[in-house]
Structure formats: C-alpha cells, structure tokens
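J.: My structure file target31.txt, compact mmCIF, C-alpha atoms, is below:
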```txt
# COMPACT_ATOMS: atom_id res chain seq x y z
CA MET T 1 0.00 0.00 0.00
CA PHE T 2 1.08 3.57 -0.48
CA ASN T 3 2.29 5.80 2.30
CA LYS T 4 0.15 8.87 2.93
CA PRO T 5 -0.07 11.66 2.12
CA GLU T 6 2.19 11.84 -0.95
CA GLY T 7 1.95 8.21 -1.86
CA LYS T 8 5.60 8.16 -2.88
CA GLY T 9 7.02 6.68 0.31
CA PHE T 10 9.01 4.22 -1.76
CA LEU T 11 10.64 7.03 -3.78
CA LYS T 12 14.07 6.47 -2.31
CA ASP T 13 13.93 2.81 -3.31
CA ALA T 14 12.69 3.41 -6.86
CA GLU T 15 15.05 1.85 -9.38
CA THR T 16 13.71 3.97 -12.22
CA ILE T 17 12.45 7.56 -12.12
CA ILE T 18 11.19 9.30 -15.25
CA GLY T 19 11.23 13.03 -14.48
CA SER T 20 8.64 15.54 -15.62
CA SER T 21 10.85 17.14 -18.28
CA VAL T 22 11.83 13.93 -20.02
CA HIS T 23 10.19 11.94 -22.84
CA VAL T 24 10.96 8.22 -22.92
CA SER T 25 10.10 5.65 -25.58
CA GLY T 26 10.83 1.95 -25.20
CA ASN T 27 10.05 -1.11 -23.13
CA PHE T 28 10.80 -1.36 -19.43
CA ASN T 29 11.25 -4.69 -17.68
CA GLY T 30 12.47 -4.77 -14.14
CA LYS T 31 12.22 -6.10 -10.62
CA GLY T 32 12.29 -2.76 -8.80
CA ASN T 33 9.89 0.11 -8.28
CA MET T 34 9.26 2.82 -10.87
CA ILE T 35 8.07 6.43 -10.80
CA ILE T 36 6.81 8.26 -13.89
CA GLU T 37 6.30 12.03 -13.75
CA GLY T 38 7.04 12.74 -17.43
CA SER T 39 5.90 11.09 -20.64
CA LEU T 40 6.49 7.50 -21.71
CA GLU T 41 5.55 5.40 -24.73
CA GLY T 42 6.17 1.66 -24.81
CA GLU T 43 5.52 -1.27 -22.48
CA ILE T 44 5.99 -1.45 -18.71
CA THR T 45 6.45 -4.81 -16.99
CA ILE T 46 7.79 -4.59 -13.45
CA GLU T 47 7.66 -6.83 -10.42
CA GLY T 48 7.58 -3.87 -8.04
CA ILE T 49 5.39 -0.83 -7.45
CA LEU T 50 4.54 1.69 -10.16
CA TYR T 51 3.73 5.34 -9.35
CA VAL T 52 2.39 7.51 -12.17
CA GLY T 53 2.24 11.20 -11.22
CA ASP T 54 -0.68 13.55 -11.76
CA GLY T 55 1.01 15.35 -14.67
CA ALA T 56 2.35 12.25 -16.42
CA ARG T 57 1.38 11.03 -19.89
CA VAL T 58 1.74 7.30 -20.52
CA VAL T 59 0.99 5.34 -23.68
CA ALA T 60 1.78 1.78 -22.64
CA ASN T 61 0.38 -1.54 -21.54
CA ILE T 62 1.26 -1.83 -17.88
CA GLU T 63 1.95 -4.86 -15.67
CA ALA T 64 3.05 -4.40 -12.07
CA LYS T 65 2.65 -5.83 -8.60
CA GLU T 66 1.04 -2.65 -7.21
CA ALA T 67 0.33 0.74 -8.72
CA ARG T 68 -0.82 4.26 -7.97
CA LEU T 69 -1.98 5.83 -11.21
CA GLY T 70 -2.57 9.50 -11.94
CA GLY T 71 -2.22 11.52 -15.12
CA ASN T 72 -3.20 10.45 -18.62
CA ILE T 73 -2.82 6.76 -19.40
CA ASN T 74 -3.59 4.98 -22.68
CA GLY T 75 -3.14 1.21 -22.45
CA ASN T 76 -4.29 -1.93 -20.70
CA ILE T 77 -3.38 -2.30 -17.05
CA LYS T 78 -2.75 -5.53 -15.14
CA ILE T 79 -1.97 -5.17 -11.44
CA LYS T 80 -1.39 -8.32 -9.38
CA GLU T 81 -2.31 -6.91 -5.99
CA TYR T 82 -3.49 -3.36 -5.23
CA LEU T 83 -4.34 -0.58 -7.66
CA GLU T 84 -5.01 2.97 -6.50
CA ILE T 85 -6.41 5.37 -9.10
CA SER T 86 -6.12 9.02 -8.12
CA SER T 87 -8.55 11.84 -8.91
CA SER T 88 -6.29 13.20 -11.66
CA ALA T 89 -6.30 9.93 -13.64
CA ILE T 90 -7.75 9.65 -17.13
CA ILE T 91 -7.40 6.03 -18.19
CA ASN T 92 -8.24 4.71 -21.65
CA GLY T 93 -7.85 0.94 -21.41
CA ASN T 94 -8.96 -2.19 -19.64
CA ILE T 95 -8.00 -2.83 -16.03
CA THR T 96 -7.39 -6.16 -14.28
CA THR T 97 -6.53 -6.13 -10.61
CA ASN T 98 -7.05 -7.83 -7.29
CA MET T 99 -7.89 -4.84 -5.06
CA LEU T 100 -9.02 -1.45 -6.35
CA SER T 101 -9.47 2.08 -5.06
CA ILE T 102 -10.81 4.86 -7.31
CA ALA T 103 -10.80 8.50 -6.19
CA LYS T 104 -13.63 10.90 -6.99
CA GLY T 105 -12.94 12.66 -10.28
CA ALA T 106 -11.02 9.86 -11.98
CA ALA T 107 -12.13 8.91 -15.49
CA ILE T 108 -11.91 5.34 -16.77
CA ASN T 109 -12.87 4.40 -20.32
CA GLY T 110 -12.60 0.62 -20.38
CA LYS T 111 -13.56 -2.60 -18.63
CA ILE T 112 -12.60 -3.33 -15.05
CA GLU T 113 -12.08 -6.96 -14.14
CA MET T 114 -11.50 -7.99 -10.56
CA ASN T 115 -9.10 -10.91 -10.50
CA THR T 116 -10.80 -12.80 -7.66
CA ALA T 117 -8.92 -16.01 -8.55
CA ALA T 118 -5.73 -14.39 -7.30
CA GLN T 119 -7.31 -13.79 -3.89
CA SER T 120 -7.83 -17.48 -3.13
CA MET Y 1 58.52 -0.84 -6.30
CA HIS Y 2 56.07 2.01 -5.73
CA VAL Y 3 55.50 4.75 -8.27
CA TYR Y 4 54.19 8.14 -7.17
CA ILE Y 5 52.49 10.51 -9.62
CA TYR Y 6 52.37 14.08 -8.33
CA ASP Y 7 49.65 16.35 -9.69
CA ASP Y 8 50.94 19.48 -11.43
CA PHE Y 9 49.55 21.92 -8.83
CA LEU Y 10 51.97 20.45 -6.27
CA GLU Y 11 54.82 22.31 -7.99
CA LYS Y 12 53.80 25.42 -6.04
CA ASN Y 13 56.11 26.31 -3.18
CA LYS Y 14 53.34 26.18 -0.60
CA TYR Y 15 53.18 22.39 -0.99
CA SER Y 16 56.90 21.71 -0.60
CA ARG Y 17 56.74 21.32 3.19
CA ILE Y 18 53.81 18.87 3.16
CA LEU Y 19 55.40 16.85 0.35
CA ALA Y 20 58.62 16.62 2.35
CA LYS Y 21 56.67 15.31 5.35
CA ILE Y 22 54.88 12.74 3.18
CA GLU Y 23 58.15 11.57 1.60
CA THR Y 24 59.75 11.20 5.03
CA ARG Y 25 56.81 9.15 6.31
CA LEU Y 26 56.85 6.94 3.20
CA THR Y 27 60.56 6.28 3.73
CA ASP Y 28 59.92 5.41 7.38
CA LEU Y 29 57.28 2.91 6.28
CA GLY Y 30 59.54 1.43 3.60
CA LEU Y 31 57.20 2.65 0.86
CA ASN Y 32 59.55 5.00 -0.95
CA GLY Y 33 59.70 4.75 -4.73
CA ARG Y 34 60.02 6.67 -7.98
CA ILE Y 35 58.34 10.06 -8.30
CA PHE Y 36 56.97 11.55 -11.51
CA ARG Y 37 55.49 15.03 -11.74
CA LEU Y 38 52.59 15.57 -14.13
CA GLY Y 39 53.76 19.01 -15.23
CA ALA Y 40 57.14 17.70 -16.37
CA SER Y 41 55.99 14.32 -17.67
CA LYS Y 42 54.22 14.81 -20.99
CA ASN Y 43 52.72 11.36 -21.43
CA ILE Y 44 52.05 10.04 -17.98
CA ASN Y 45 50.22 6.93 -19.20
CA GLU Y 46 53.24 5.90 -21.26
CA ILE Y 47 55.44 6.33 -18.19
CA ILE Y 48 53.07 4.26 -16.05
CA ARG Y 49 52.95 1.48 -18.63
CA ASP Y 50 56.77 1.40 -18.68
CA GLU Y 51 56.85 1.25 -14.88
CA LEU Y 52 54.32 -1.60 -14.89
CA LYS Y 53 56.56 -3.53 -17.28
CA LYS Y 54 59.47 -2.95 -14.89
CA GLY Y 55 57.42 -4.55 -12.11
CA ALA Y 56 55.80 -1.63 -10.29
CA LYS Y 57 53.91 -2.95 -7.26
CA THR Y 58 51.63 0.07 -6.73
CA ILE Y 59 50.85 3.27 -8.62
CA ILE Y 60 49.95 6.11 -6.27
CA GLY Y 61 48.30 9.38 -7.24
CA VAL Y 62 49.27 12.35 -5.05
CA GLY Y 63 47.07 15.44 -5.30
CA GLY Y 64 43.36 16.18 -5.66
CA ASP Y 65 40.54 13.96 -6.95
CA LEU Y 66 41.41 14.88 -10.54
CA ILE Y 67 44.77 13.06 -10.40
CA ILE Y 68 42.98 9.72 -10.32
CA ASN Y 69 41.43 10.12 -13.78
CA LYS Y 70 44.79 11.11 -15.21
CA ILE Y 71 46.41 7.78 -14.26
CA LEU Y 72 43.37 5.49 -14.47
CA THR Y 73 43.59 4.31 -18.07
CA SER Y 74 46.93 2.55 -17.57
CA LEU Y 75 45.74 0.68 -14.49
CA ALA Y 76 42.32 -0.55 -15.66
CA ASN Y 77 42.10 -4.33 -15.87
CA THR Y 78 45.60 -4.87 -14.42
CA SER Y 79 46.49 -6.56 -11.13
CA VAL Y 80 48.45 -3.51 -9.92
CA PRO Y 81 46.50 -1.50 -7.35
CA LEU Y 82 45.98 2.24 -7.34
CA GLY Y 83 46.83 4.19 -4.20
CA PHE Y 84 45.82 7.74 -3.37
CA ILE Y 85 47.40 10.39 -1.16
CA PRO Y 86 44.86 13.26 -1.04
CA ILE Y 87 46.31 16.71 -0.58
CA GLU Y 88 42.91 18.43 -0.45
CA LYS Y 89 41.15 18.01 2.89
CA LYS Y 90 37.73 18.21 1.21
CA SER Y 91 38.34 15.39 -1.25
CA GLU Y 92 35.06 13.56 -2.02
CA LEU Y 93 36.90 10.51 -3.31
CA ALA Y 94 39.10 10.31 -0.22
CA ASN Y 95 35.97 10.43 1.93
CA ILE Y 96 34.38 7.54 0.02
CA LEU Y 97 37.59 5.49 0.06
CA GLY Y 98 38.24 6.20 3.74
CA ILE Y 99 41.64 7.78 3.12
CA PRO Y 100 42.73 10.63 5.43
CA ALA Y 101 44.53 13.59 3.85
CA GLU Y 102 48.24 14.11 3.45
CA VAL Y 103 50.68 12.32 5.82
CA GLU Y 104 48.05 10.06 7.42
CA ALA Y 105 47.27 8.59 4.00
CA CYS Y 106 50.70 6.92 4.05
CA ASP Y 107 49.51 4.55 6.80
CA VAL Y 108 46.56 3.51 4.61
CA LEU Y 109 49.05 2.66 1.85
CA ALA Y 110 51.07 0.62 4.31
CA SER Y 111 48.00 -1.37 5.39
CA ARG Y 112 47.38 -2.27 1.71
CA ARG Y 113 43.69 -3.05 2.10
CA ILE Y 114 42.55 -3.62 -1.51
CA GLU Y 115 39.02 -3.55 -3.00
CA LYS Y 116 37.98 -4.30 -6.57
CA ILE Y 117 35.69 -1.63 -7.97
CA ASP Y 118 33.87 -0.93 -11.24
CA LEU Y 119 34.97 1.68 -13.75
CA GLY Y 120 33.04 3.49 -16.45
CA LEU Y 121 34.38 3.28 -20.01
CA ALA Y 122 33.47 6.19 -22.32
CA ASN Y 123 34.66 5.34 -25.85
CA ASP Y 124 38.32 4.51 -25.05
CA SER Y 125 38.64 6.48 -21.82
CA TYR Y 126 37.98 5.28 -18.30
CA PHE Y 127 36.35 7.21 -15.48
CA LEU Y 128 35.98 6.43 -11.80
CA SER Y 129 33.47 8.96 -10.50
CA ALA Y 130 31.27 10.46 -13.24
CA ALA Y 131 30.84 11.35 -16.90
CA THR Y 132 28.72 14.46 -17.43
CA LEU Y 133 27.29 16.47 -20.31
CA GLN Y 134 25.28 19.70 -20.17
CA GLY Y 135 23.19 21.12 -22.99
CA VAL Y 136 20.06 20.97 -25.11
CA GLY Y 137 19.00 18.37 -27.67
CA ILE Y 138 20.80 15.53 -25.89
CA ILE Y 139 19.87 12.03 -27.08
CA VAL Y 140 20.28 9.09 -24.70
CA LYS Y 141 19.80 5.50 -25.88
CA LEU Y 142 19.94 2.45 -23.64
CA ASN Y 143 19.22 -0.85 -25.41
CA ASP Y 144 15.80 -0.25 -27.00
CA VAL Y 145 14.88 2.71 -24.79
CA LEU Y 146 15.24 6.29 -26.04
CA VAL Y 147 15.35 9.11 -23.47
CA GLU Y 148 14.96 12.69 -24.67
CA PRO Y 149 15.23 15.56 -22.18
CA ILE Y 150 12.84 18.32 -23.22
CA ASN Y 151 14.82 21.26 -21.83
CA SER Y 152 18.47 22.05 -21.21
CA SER Y 153 19.76 19.27 -18.99
CA LEU Y 154 22.74 17.97 -17.10
CA VAL Y 155 23.16 14.32 -18.06
CA GLY Y 156 25.46 12.36 -15.77
CA LEU Y 157 26.66 8.77 -15.55
CA TYR Y 158 27.75 8.19 -11.97
CA ASN Y 159 29.88 5.26 -10.85
CA ILE Y 160 30.85 6.38 -7.36
CA SER Y 161 29.60 9.54 -5.68
CA THR Y 162 28.02 10.98 -2.55
CA ARG Y 163 26.81 14.21 -4.14
CA LEU Y 164 23.34 13.03 -5.13
CA GLY Y 165 21.63 12.54 -1.81
CA GLY Y 166 23.04 9.09 -1.17
CA LEU Y 167 26.00 6.88 -1.85
CA ILE Y 168 26.29 5.55 -5.37
CA LEU Y 169 28.27 2.34 -5.22
CA ALA Y 170 31.17 1.52 -7.48
CA ASN Y 171 30.94 -2.23 -7.06
CA ASP Y 172 27.32 -2.97 -8.02
CA GLY Y 173 27.95 -3.63 -11.73
CA LYS Y 174 25.81 -0.65 -12.75
CA LEU Y 175 26.11 3.01 -13.59
CA ASN Y 176 23.51 5.53 -12.43
CA LEU Y 177 22.12 7.64 -15.24
CA ILE Y 178 20.82 10.89 -13.74
CA ILE Y 179 19.27 13.64 -15.84
CA ASP Y 180 18.72 16.95 -14.04
CA SER Y 181 16.71 19.65 -15.75
CA GLN Y 182 14.31 22.49 -15.06
CA GLU Y 183 10.68 22.06 -16.06
CA LYS Y 184 9.05 25.33 -17.16
CA ILE Y 185 5.64 25.81 -15.54
CA THR Y 186 3.15 28.67 -15.66
CA GLN Y 187 1.18 29.71 -12.56
CA GLY Y 188 -1.24 32.46 -13.52
CA LEU Y 189 0.92 35.17 -15.04
CA LEU Y 190 4.06 33.84 -13.43
CA LYS Y 191 6.47 31.56 -15.25
CA LYS Y 192 8.47 29.35 -12.93
CA GLN Y 193 10.97 26.56 -13.17
CA LYS Y 194 10.65 23.32 -11.24
CA PRO Y 195 13.56 20.91 -10.85
CA SER Y 196 13.06 17.55 -12.52
CA GLN Y 197 15.23 14.49 -12.07
CA THR Y 198 15.31 11.24 -14.04
CA ARG Y 199 17.22 8.23 -12.71
CA LEU Y 200 17.92 4.85 -14.28
CA LEU Y 201 20.38 2.05 -13.56
CA ILE Y 202 22.26 1.07 -16.70
CA GLU Y 203 25.12 -1.09 -17.98
CA ASN Y 204 25.46 0.30 -21.53
CA ILE Y 205 24.39 3.62 -22.97
CA PHE Y 206 24.86 5.79 -26.05
CA ILE Y 207 24.83 9.58 -25.67
CA ASN Y 208 24.93 12.19 -28.41
CA SER Y 209 24.66 15.94 -28.54
CA PRO Y 210 25.85 17.96 -31.54
CA ASN Y 211 29.20 19.73 -31.06
CA SER Y 212 29.36 18.78 -27.38
CA PHE Y 213 31.86 17.14 -25.08
CA MET Y 214 31.46 14.78 -22.15
CA LEU Y 215 33.55 15.58 -19.12
CA LEU Y 216 35.07 12.56 -17.36
CA ASP Y 217 35.78 12.89 -13.63
CA GLY Y 218 35.63 16.67 -14.02
CA THR Y 219 38.87 16.80 -15.98
CA GLN Y 220 38.99 14.87 -19.28
CA LYS Y 221 36.95 16.01 -22.30
CA ILE Y 222 35.81 13.59 -25.01
CA ALA Y 223 33.77 14.53 -28.05
CA CYS Y 224 30.25 13.20 -28.69
CA PRO Y 225 28.91 10.72 -29.68
CA VAL Y 226 29.93 8.63 -26.68
CA GLN Y 227 29.33 4.95 -25.98
CA ILE Y 228 29.53 4.27 -22.26
CA SER Y 229 29.63 0.93 -20.45
CA VAL Y 230 30.39 -0.30 -16.96
CA GLN Y 231 33.58 -2.34 -16.58
CA LYS Y 232 32.93 -4.64 -13.65
CA GLU Y 233 35.67 -4.84 -11.00
CA ALA Y 234 38.17 -3.33 -13.44
CA LEU Y 235 40.25 -1.49 -10.84
CA ARG Y 236 42.07 -2.66 -7.71
CA ILE Y 237 42.26 0.24 -5.29
CA ILE Y 238 43.78 0.68 -1.82
CA VAL Y 239 41.15 1.79 0.68
CA GLY Y 240 41.06 2.80 4.33
CA LYS Y 241 39.17 1.03 7.07
CA ASN Y 242 36.76 4.01 7.23
CA ARG Y 243 35.60 3.62 3.63
CA ILE Y 244 31.85 4.05 3.20
CA PHE Y 245 31.12 1.17 0.82
```
Can you dump the structure from the file as structure tokens?

T.:
Amino acid sequence: MFNKPEGKGFLKDAETIIGSSVHVSGNFNGKGNMIIEGSLEGEITIEGILYVGDGARVVANIEAKEARLGGNINGNIKIKEYLEISSSAIINGNITTNMLSIAKGAAINGKIEMNTAAQS
Amino acid sequence: MHVYIYDDFLEKNKYSRILAKIETRLTDLGLNGRIFRLGASKNINEIIRDELKKGAKTIIGVGGDLIINKILTSLANTSVPLGFIPIEKKSELANILGIPAEVEACDVLASRRIEKIDLGLANDSYFLSAATLQGVGIIVKLNDVLVEPINSSLVGLYNISTRLGGLILANDGKLNLIIDSQEKITQGLLKKQKPSQTRLLIENIFINSPNSFMLLDGTQKIACPVQISVQKEALRIIVGKNRIF
C-alpha cells in the first residue's frame, strides 16, 4: 500500500524515475519500483510498485505488482495486488486487478475486471 | 617498487613542506619509490605502462581527486593497485575510500587493504566517478529505450559519488544515469521553473549531442557521440578502514 499523504514513500527505493521534463520511448522490464512524472511510450512490466504522477502522460500496456496511477494513461493495465487510481487519472484501457481504489474525479474508459482467482 | 604521480599543482612552493613530510613518512614505512610530476611528464600513461613492465607494485596518485582520472587508463584491468594520497582536505573521493589527507594517507598505503571496484568506459577512456554532459538536444539510448530531455539538462553517468543525496556504489555492476533539468511551468501570469530528475540504472548507454563534449571525472573532455559501459571490477584500489562502501 502507499504511504500517505504523498503516496511516494518508496521514492528512495525506486530503481527507475522518469522526471517531468523527459520523454521516454521503449520497453521497461524490471524487478524494482518505478516512478513516472514525465511522458512515456512503450511497455511497462515490473515486479515492483509503479507510481504515475498527476502530470504524467503514458501510452503503454502496464503490468506491475502494485500501482498508484494518476495523469493520462492509454493502455491496458494488469496489477497483481493493489491498484489505486487518483482523482487526476484519465485512463483509456482495460483494467485487471485484485484490489481497487478509485478516487472521486477519476475517469476510466474501459472494462474493469477484478481478478478474484488471485485472492484465493 | 612504488610509483608516485604528483599532480601538477603540487609544484607550487606552498606544498613543498607537506610533500617533504609525506616523503619522510613513506621512507619510514619502507614505501619510498620513484616520483613523476605531471607538469614535467608529458605522457604520464606511457610512463606508467613502462613502470608496470618494470614490475611496479603500486601506482599512487598524489594530489586532488582529478589526479585519479589522469592515471586510471593505464591501471584498468591490471592486477596492480591504485593508491591515493589526497592533498585536499575536502576530497570527495578520499571520503568515500576512507583515506585521510596528506601524511596520514601513508599509513593507509602501508595497510594495503585492496578492494575491486567498477569503472566506467566512455569510448576509449575510463572514469571512476562520473561522466557528465550539459546542454540541449541531448539524445540518450539504452538498449531499446530512447530518453529525450525536453529542456536544457545535465546528463550524468555516476559510478561512485556521494553528491546526489546518497552513496552511489562503485561495485554494483551498474552506472547511475541521472538527468537533471528544469521544467518550465506557468502559474497564472508567473512563469516558474521546477527541478526535474530522471534516474535509471544502466550497464550500456549511447549519448549524443551535436558539437558537445562529455567531461570525465571533471577533468577529461571527449567529443560526442559517446558509448559508455560499466567495466565490472576493473580497478584494484587501496582503501582505508573508514571507507563508506
């Protein structure tokens, strides 16, 4: 789960940080945590936690253990455990997760599938 | 046999007394050897290679942090360790390696505690601490990932450093790519700049910026484009017991 209030309690441990004034294109595979504040196009597959900031723009299919998503995201999202969608999020894509929290104001254009099989 | 490379700034008279003290202590410890001065020796790497062929046991840089880069290339991937006698009390490298300044550093040499550490290789030149490039329009490629800073940025590949809010290790088989830039934001009528930092762990990277140079360890310039890789455990270096890695 994410530390309150900023939700970036794991920042110091993040293996990859994409800053707000950087554009990245390509595929990311990794075991660590990742923070995106800028723009990214490609694929994201990580075994750790993903944090997408409120001003970020992401065009990518996403797979991660946990995630906090804000900003503008185009792509399908698969989260193994807990997904937190913040009020700034505009998501165009399907979501599969185990536990879900959606803040007031978030916009989701796509199907949401709760992966109850993973809970057992 | 030990070989001592004196940095060129040590030619100034104000250093003669401290150098005399260091030389006396080295003699007391049985560590005396040949001395070469950078100002007088045109091609220091050629001299070091000759000394290695003659059986030099240790190559020791005497001076500031910049001396290390100047003698690094000849020692990379050899079994001969690098020693360091810092003359500046505020040496970042000496702090990381746990080496006290000036005369006290001689005792660290005598203890001969050796660690293997990674080096960065930028085209044909090695660096120990960092390779940096400042400018606009910088292109960074790592495998199939392209990173493009939007504004003017400082792009740095860090191998060992304490300047970035935490210790970057030189024996983890990775380099830290850090891109610092200022994001331009508008708040009402006010235009402001907000710091933005990008960080990635890498092993190989390609960097290009038209008509620009990368600066290795703050001293050596190489022209772009630059291919950079980490050379795992490429340097044997004498460290103090108070090292911080």

J.: Please, what distance in Å, to one decimal, runs between CA of Lys111 (chain T) and CA of Ile36 (chain T)?

T.: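 Computing it gives 23.6 Å between the two atoms.
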
J.: Counting all atoms listed in the file, a student should be able to say which residues of chain T come within 6 Å of chain Y; what is the right answer, written as a compact mmCIF listing (two decimals) with C-alpha atoms, in the coordinates of the input?

T.:
```
# COMPACT_ATOMS: atom_id res chain seq x y z
CA THR T 16 13.71 3.97 -12.22
CA ILE T 17 12.45 7.56 -12.12
CA ILE T 18 11.19 9.30 -15.25
CA GLY T 19 11.23 13.03 -14.48
CA SER T 20 8.64 15.54 -15.62
CA SER T 21 10.85 17.14 -18.28
CA VAL T 22 11.83 13.93 -20.02
CA HIS T 23 10.19 11.94 -22.84
CA VAL T 24 10.96 8.22 -22.92
CA SER T 25 10.10 5.65 -25.58
CA GLY T 26 10.83 1.95 -25.20
```

J.: Do you know which residues are at most 6 Å from Tyr51 (chain T) counting all atoms listed in the file, after dropping those on the same chain fewer than 5 positions away, and could you put them as a list in words?

T.: Ile35, Ala67 and Arg68 of chain T

J.: Would you compute the distance between CA of Phe84 (chain Y) and CA of Gly156 (chain Y)? Give it in Å to one decimal.

T.: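 Rounded to one decimal, the two atoms are 24.3 Å apart.
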
J.: Tell me, as an MDAnalysis selection string, which residues lie within 9 Å of Ile62 (chain T), counting all atoms listed in the file; anything in the same chain fewer than 6 positions away does not count.

T.: chainID T and resid 43:46 75:79

J.: Work out how far CA of Gly55 (chain T) is from CA of Phe206 (chain Y), in Å to one decimal.

T.: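 Those two atoms sit 28.1 Å apart.
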
J.: Compile the contact shell of Pro100 (chain Y) as a list in words: residues with an atom at most 12 Å away, counting all atoms listed in the file, same-chain residues fewer than 5 positions apart removed.

T.: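 Surrounding residues, per the criterion: Phe84, Ile85, Pro86, Ile87, Glu88, Lys89, Lys90, Ser91, Glu92, Leu93, Ala94, Asn95, Ala105, Cys106, Asp107, Val108, Leu109, Val239, Gly240, Lys241, Asn242 and Arg243 of chain Y.
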
J.: Which residues, written as an MDAnalysis selection string, have at least one atom at most 8 Å from Ile67 (chain Y), with only C-alpha atoms counted and residues fewer than 5 positions away on the same chain left out?

T.: chainID Y and resid 6:7 61:62

J.: Nearest to Thr58 (chain Y) among Y:Ile114, Y:Met214, Y:Leu119, Y:Ile222, with distances taken over only C-alpha atoms: which residue is it?

T.: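 With only C-alpha atoms as the atom set, the closest residue is Y:Ile114.
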
J.: Quick one: residues within 9 Å of region 99-103 of chain T, only C-alpha atoms counted, chain neighbours fewer than 4 positions away excluded, as a list in words?

T.: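 Contacts, with the query itself left out: Ile79, Lys80, Glu81, Tyr82, Leu83, Glu84, Ile85, Ser86, Ser87, Ser88, Ala89, Met114, Asn115 and Thr116 of chain T.
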